[in-house]
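Down below is the structure, laid out as structure tokens.
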Amino acid sequence: MAEPSERQDPLPGIRAVLAVASAKGGVGKSTTAVNLAVGLGLRGKRVAILDADVYGPSLPRLLGLRGQPETQRDGKLKPMTAHGVGCMSIGFLVEEATPMIWRGAMVMGAIENLIRDVAWGDLDVLVLDLPPGTGDAQLSITQRIPLTGAVIVSTPQDIALIDTRKGIAMFEKVNVPILGLIENMSTFVCPSCGGRSDIFSHGGAREAAAELGIECLGEIPLHLSIREASDAGTPIVLGAPESAEAAAYGKIVDRLIEKLDAALGDAARKAPPIVVQ
């Protein structure tokens, strides 16, 4: 396999590109990606998020966005904006109920356009909400886009962690740094009595992270308020900032800022000096 750096073109004005991925669908990856993006914005970062899941775009609903993006004079699309975060998704360009019956080459062409033909402007972080799995779309993105690092989202049960290990192995093979693993739906908290139940087990992601030598960034509970906030288009880090759920996301965001800064510093130190004769 060719080194990813041989095929990548830089994204002008974008300091860091953070991929949020899951090797298995249904683990809450998009909800996590949105809360991370908005959380970064709340900490003063210039942030945008790209919905790279062409078959199942969900960011318009998660961010409460409607309508279509404007086209600039240079032909590039202007990102939609919600909660201070720029956003682009194929969901803005097709009806919500329209199935995307596209082959792999068409999907990659659409993703490439969504990345390259959007006027992102100057950003501290571009968050990529990747489609689930480890197929052509994921490999093509890692080969064409200079990713600063990836975050893997998983639920704690064994059946999800089997696929999570595959996803981590994929990023390692294409030399994308794994910034950490997030355990989503970690523990169910009853909204009535506050009792806790480990519906999907608990702590499995932390154990897998220790086994694989990566960091477990945190655990997000399975709570009704997260679902309600997502359906309402107001991420919980913004809609209920004092909640325990928002605090869990906030701790992950703070750690990600540290890890992104470290990754960018490492890249700068590794870059060869430029000598002008």
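Letters A, B, ... mark the chains of the structure tokens in the order given; residue numbers begin at 1 per chain; ligand numbers begin at 1, in order shown.
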Find the residues around range 237-247 of chain A up to 10 Å (only C-alpha atoms counted), leave out those fewer than 5 positions away in its own chain, and share them as a PDB file with N, CA and C atoms, in the first residue's frame.
```
ATOM      1  N   VAL A  34     -20.730  15.684  16.521  1.00  0.00           N
ATOM      2  CA  VAL A  34     -21.356  17.005  16.622  1.00  0.00           C
ATOM      3  C   VAL A  34     -21.052  17.648  17.966  1.00  0.00           C
ATOM      4  N   ASN A  35     -21.176  16.890  19.037  1.00  0.00           N
ATOM      5  CA  ASN A  35     -20.892  17.453  20.361  1.00  0.00           C
ATOM      6  C   ASN A  35     -19.425  17.827  20.519  1.00  0.00           C
ATOM      7  N   LEU A  36     -18.528  17.050  19.906  1.00  0.00           N
ATOM      8  CA  LEU A  36     -17.109  17.403  19.943  1.00  0.00           C
ATOM      9  C   LEU A  36     -16.856  18.692  19.171  1.00  0.00           C
ATOM     10  N   ALA A  37     -17.469  18.811  17.992  1.00  0.00           N
ATOM     11  CA  ALA A  37     -17.269  20.002  17.168  1.00  0.00           C
ATOM     12  C   ALA A  37     -17.794  21.249  17.869  1.00  0.00           C
ATOM     13  N   VAL A  38     -19.008  21.172  18.395  1.00  0.00           N
ATOM     14  CA  VAL A  38     -19.579  22.322  19.096  1.00  0.00           C
ATOM     15  C   VAL A  38     -18.790  22.613  20.370  1.00  0.00           C
ATOM     16  N   GLY A  39     -18.343  21.559  21.051  1.00  0.00           N
ATOM     17  CA  GLY A  39     -17.526  21.746  22.241  1.00  0.00           C
ATOM     18  C   GLY A  39     -16.220  22.459  21.937  1.00  0.00           C
ATOM     19  N   LEU A  42     -17.034  26.093  21.508  1.00  0.00           N
ATOM     20  CA  LEU A  42     -17.271  26.763  22.781  1.00  0.00           C
ATOM     21  C   LEU A  42     -15.972  27.114  23.486  1.00  0.00           C
ATOM     22  N   HIS A  83     -24.796  27.060  15.584  1.00  0.00           N
ATOM     23  CA  HIS A  83     -24.132  27.087  16.888  1.00  0.00           C
ATOM     24  C   HIS A  83     -22.662  27.480  16.764  1.00  0.00           C
ATOM     25  N   GLU A 219     -15.949   8.316  28.790  1.00  0.00           N
ATOM     26  CA  GLU A 219     -17.156   7.498  28.695  1.00  0.00           C
ATOM     27  C   GLU A 219     -18.379   8.412  28.681  1.00  0.00           C
ATOM     28  N   ILE A 220     -19.238   8.216  27.692  1.00  0.00           N
ATOM     29  CA  ILE A 220     -20.462   9.005  27.557  1.00  0.00           C
ATOM     30  C   ILE A 220     -21.643   8.126  27.953  1.00  0.00           C
ATOM     31  N   PRO A 221     -22.466   8.555  28.894  1.00  0.00           N
ATOM     32  CA  PRO A 221     -23.579   7.713  29.333  1.00  0.00           C
ATOM     33  C   PRO A 221     -24.692   7.638  28.291  1.00  0.00           C
ATOM     34  N   LEU A 222     -25.494   6.611  28.407  1.00  0.00           N
ATOM     35  CA  LEU A 222     -26.713   6.487  27.613  1.00  0.00           C
ATOM     36  C   LEU A 222     -27.813   7.187  28.396  1.00  0.00           C
ATOM     37  N   HIS A 223     -28.193   8.376  27.941  1.00  0.00           N
ATOM     38  CA  HIS A 223     -29.144   9.177  28.707  1.00  0.00           C
ATOM     39  C   HIS A 223     -30.170   9.795  27.762  1.00  0.00           C
ATOM     40  N   SER A 225     -31.561  12.601  27.771  1.00  0.00           N
ATOM     41  CA  SER A 225     -31.331  14.005  27.428  1.00  0.00           C
ATOM     42  C   SER A 225     -30.447  14.153  26.195  1.00  0.00           C
ATOM     43  N   ILE A 226     -29.507  13.247  25.998  1.00  0.00           N
ATOM     44  CA  ILE A 226     -28.643  13.321  24.807  1.00  0.00           C
ATOM     45  C   ILE A 226     -29.474  13.085  23.554  1.00  0.00           C
ATOM     46  N   ALA A 229     -31.822  16.138  22.952  1.00  0.00           N
ATOM     47  CA  ALA A 229     -31.077  17.283  22.441  1.00  0.00           C
ATOM     48  C   ALA A 229     -30.687  17.083  20.982  1.00  0.00           C
ATOM     49  N   SER A 230     -30.305  15.864  20.634  1.00  0.00           N
ATOM     50  CA  SER A 230     -29.916  15.572  19.257  1.00  0.00           C
ATOM     51  C   SER A 230     -31.102  15.717  18.316  1.00  0.00           C
ATOM     52  N   ALA A 232     -33.625  17.551  18.722  1.00  0.00           N
ATOM     53  CA  ALA A 232     -34.031  18.954  18.675  1.00  0.00           C
ATOM     54  C   ALA A 232     -33.047  19.828  17.900  1.00  0.00           C
ATOM     55  N   ILE A 252     -13.546  15.267  27.284  1.00  0.00           N
ATOM     56  CA  ILE A 252     -12.957  14.688  26.068  1.00  0.00           C
ATOM     57  C   ILE A 252     -12.448  15.796  25.152  1.00  0.00           C
ATOM     58  N   VAL A 253     -13.226  16.868  25.012  1.00  0.00           N
ATOM     59  CA  VAL A 253     -12.811  17.985  24.157  1.00  0.00           C
ATOM     60  C   VAL A 253     -11.505  18.585  24.668  1.00  0.00           C
TER      61      VAL A 253
END
```
Contacts of range 58-60 of chain A at 12 Å or less, counting only C-alpha atoms, minus same-chain residues fewer than 5 places along, as an MDAnalysis selection string? chainID A and resid 28:35 37 48:53 65:69 79:82 85:97 127:131 230:235
How would the residues just chosen look if you wrote them out with N, CA and C atoms as a compact mmCIF listing (two decimals), in the first residue's frame?
```txt
# COMPACT_ATOMS: atom_id res chain seq x y z
N GLY A 28 -23.55 5.76 17.85
CA GLY A 28 -23.63 7.16 18.24
C GLY A 28 -22.48 8.01 17.79
N LYS A 29 -21.84 7.63 16.69
CA LYS A 29 -20.67 8.35 16.19
C LYS A 29 -21.02 9.78 15.79
N SER A 30 -22.10 9.97 15.05
CA SER A 30 -22.44 11.31 14.56
C SER A 30 -22.82 12.23 15.70
N THR A 31 -23.58 11.73 16.67
CA THR A 31 -23.92 12.53 17.85
C THR A 31 -22.65 12.94 18.58
N THR A 32 -21.71 12.02 18.69
CA THR A 32 -20.44 12.33 19.34
C THR A 32 -19.67 13.37 18.54
N ALA A 33 -19.59 13.21 17.22
CA ALA A 33 -18.86 14.14 16.38
C ALA A 33 -19.41 15.55 16.50
N VAL A 34 -20.73 15.68 16.52
CA VAL A 34 -21.36 17.00 16.62
C VAL A 34 -21.05 17.65 17.97
N ASN A 35 -21.18 16.89 19.04
CA ASN A 35 -20.89 17.45 20.36
C ASN A 35 -19.43 17.83 20.52
N ALA A 37 -17.47 18.81 17.99
CA ALA A 37 -17.27 20.00 17.17
C ALA A 37 -17.79 21.25 17.87
N ALA A 48 -15.34 23.60 11.86
CA ALA A 48 -16.39 23.18 10.92
C ALA A 48 -16.46 21.66 10.96
N ILE A 49 -17.57 21.13 10.50
CA ILE A 49 -17.75 19.68 10.49
C ILE A 49 -18.30 19.25 9.13
N LEU A 50 -17.72 18.20 8.59
CA LEU A 50 -18.15 17.65 7.31
C LEU A 50 -18.79 16.29 7.54
N ASP A 51 -19.99 16.14 7.05
CA ASP A 51 -20.72 14.87 7.10
C ASP A 51 -20.28 14.04 5.90
N ALA A 52 -19.35 13.11 6.13
CA ALA A 52 -18.83 12.28 5.04
C ALA A 52 -19.61 10.99 4.88
N ASP A 53 -20.70 10.83 5.62
CA ASP A 53 -21.54 9.64 5.50
C ASP A 53 -22.61 9.90 4.45
N LEU A 65 -30.45 22.18 11.05
CA LEU A 65 -30.27 23.00 9.85
C LEU A 65 -31.26 22.60 8.76
N ARG A 66 -31.73 23.58 8.02
CA ARG A 66 -32.62 23.36 6.88
C ARG A 66 -32.12 24.20 5.71
N GLY A 67 -32.56 23.86 4.50
CA GLY A 67 -32.21 24.65 3.33
C GLY A 67 -30.97 24.12 2.63
N GLN A 68 -30.49 24.90 1.67
CA GLN A 68 -29.33 24.51 0.88
C GLN A 68 -28.23 25.56 1.00
N PRO A 69 -26.98 25.14 0.88
CA PRO A 69 -25.87 26.10 0.95
C PRO A 69 -25.82 26.99 -0.27
N PRO A 79 -20.33 27.00 3.49
CA PRO A 79 -20.88 26.10 4.52
C PRO A 79 -22.09 26.71 5.22
N MET A 80 -23.03 25.85 5.58
CA MET A 80 -24.09 26.26 6.47
C MET A 80 -23.48 26.46 7.86
N THR A 81 -24.17 27.19 8.71
CA THR A 81 -23.65 27.46 10.05
C THR A 81 -24.71 27.21 11.10
N ALA A 82 -24.32 26.55 12.18
CA ALA A 82 -25.19 26.33 13.32
C ALA A 82 -24.36 26.33 14.58
N VAL A 85 -20.66 26.78 14.33
CA VAL A 85 -19.87 25.76 13.64
C VAL A 85 -20.31 25.67 12.18
N GLY A 86 -19.34 25.72 11.25
CA GLY A 86 -19.66 25.52 9.85
C GLY A 86 -19.98 24.05 9.59
N CYS A 87 -20.84 23.80 8.62
CA CYS A 87 -21.27 22.43 8.38
C CYS A 87 -21.55 22.22 6.89
N MET A 88 -21.14 21.06 6.39
CA MET A 88 -21.48 20.66 5.03
C MET A 88 -21.86 19.20 5.03
N SER A 89 -22.92 18.88 4.27
CA SER A 89 -23.44 17.52 4.22
C SER A 89 -24.18 17.32 2.91
N ILE A 90 -24.12 16.11 2.38
CA ILE A 90 -24.92 15.77 1.21
C ILE A 90 -26.40 15.89 1.54
N GLY A 91 -26.71 15.84 2.85
CA GLY A 91 -28.10 15.98 3.28
C GLY A 91 -28.70 17.34 2.98
N PHE A 92 -27.86 18.36 2.72
CA PHE A 92 -28.37 19.66 2.33
C PHE A 92 -28.78 19.70 0.85
N LEU A 93 -28.29 18.74 0.10
CA LEU A 93 -28.44 18.77 -1.35
C LEU A 93 -29.47 17.78 -1.86
N VAL A 94 -29.94 16.87 -1.02
CA VAL A 94 -30.96 15.90 -1.42
C VAL A 94 -32.04 15.87 -0.34
N GLU A 95 -33.22 15.41 -0.71
CA GLU A 95 -34.30 15.29 0.26
C GLU A 95 -33.95 14.24 1.32
N GLU A 96 -34.43 14.46 2.53
CA GLU A 96 -34.07 13.58 3.65
C GLU A 96 -34.48 12.14 3.39
N ALA A 97 -35.60 11.92 2.71
CA ALA A 97 -36.09 10.56 2.50
C ALA A 97 -35.54 9.91 1.23
N VAL A 127 -13.68 18.83 11.52
CA VAL A 127 -14.08 17.51 12.01
C VAL A 127 -14.73 16.75 10.87
N LEU A 128 -14.25 15.54 10.62
CA LEU A 128 -14.84 14.68 9.59
C LEU A 128 -15.66 13.59 10.27
N ASP A 129 -16.96 13.60 10.05
CA ASP A 129 -17.82 12.53 10.54
C ASP A 129 -17.82 11.43 9.48
N LEU A 130 -16.96 10.44 9.67
CA LEU A 130 -16.78 9.40 8.66
C LEU A 130 -17.93 8.40 8.67
N PRO A 131 -18.19 7.77 7.52
CA PRO A 131 -19.18 6.68 7.51
C PRO A 131 -18.65 5.50 8.31
N SER A 230 -30.30 15.86 20.63
CA SER A 230 -29.92 15.57 19.26
C SER A 230 -31.10 15.72 18.32
N ASP A 231 -32.24 15.18 18.71
CA ASP A 231 -33.43 15.29 17.86
C ASP A 231 -33.88 16.74 17.70
N ALA A 232 -33.63 17.55 18.72
CA ALA A 232 -34.03 18.95 18.68
C ALA A 232 -33.05 19.83 17.90
N GLY A 233 -31.90 19.27 17.52
CA GLY A 233 -30.92 20.03 16.77
C GLY A 233 -30.05 20.95 17.61
N THR A 234 -30.06 20.75 18.93
CA THR A 234 -29.21 21.53 19.82
C THR A 234 -28.35 20.57 20.64
N PRO A 235 -27.10 20.36 20.26
CA PRO A 235 -26.24 19.41 20.98
C PRO A 235 -26.23 19.69 22.47
```
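With only C-alpha atoms as the atoms that count, the minimum distance from Ala150 in chain A to the choices A:Leu62, A:Leu126, A:Ile162, A:Ala248 is reached by A:Leu126.
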Rounded to one decimal place, report the CA of Leu256 in chain A-CA of Glu172 in chain A distance in Å. 18.5 Å
Residues of range 59-163 of chain A in strand (DSSP E), written as a ChimeraX atom specification: /A:80-82,85-89,123-129,149-154
Take the residues that were just selected and, keeping C-alpha atoms, output them as a JSON list (two decimals), in the first residue's frame.
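Result file is part24.json:
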```json
[["chain", "number", "residue", "atom", "x", "y", "z"],
["A", 80, "MET", "CA", -24.09, 26.26, 6.47],
["A", 81, "THR", "CA", -23.65, 27.46, 10.05],
["A", 82, "ALA", "CA", -25.19, 26.33, 13.32],
["A", 85, "VAL", "CA", -19.87, 25.76, 13.64],
["A", 86, "GLY", "CA", -19.66, 25.52, 9.85],
["A", 87, "CYS", "CA", -21.27, 22.43, 8.38],
["A", 88, "MET", "CA", -21.48, 20.66, 5.03],
["A", 89, "SER", "CA", -23.44, 17.52, 4.22],
["A", 123, "LEU", "CA", -10.14, 26.81, 10.64],
["A", 124, "ASP", "CA", -8.43, 25.49, 13.72],
["A", 125, "VAL", "CA", -10.18, 22.12, 13.29],
["A", 126, "LEU", "CA", -12.18, 20.46, 10.54],
["A", 127, "VAL", "CA", -14.08, 17.51, 12.01],
["A", 128, "LEU", "CA", -14.84, 14.68, 9.59],
["A", 129, "ASP", "CA", -17.82, 12.53, 10.54],
["A", 149, "GLY", "CA", -5.60, 12.15, 13.88],
["A", 150, "ALA", "CA", -8.62, 9.94, 14.40],
["A", 151, "VAL", "CA", -10.98, 9.31, 17.28],
["A", 152, "ILE", "CA", -12.81, 5.98, 17.41],
["A", 153, "VAL", "CA", -16.30, 5.73, 18.92],
["A", 154, "SER", "CA", -17.57, 2.40, 20.24]]
```
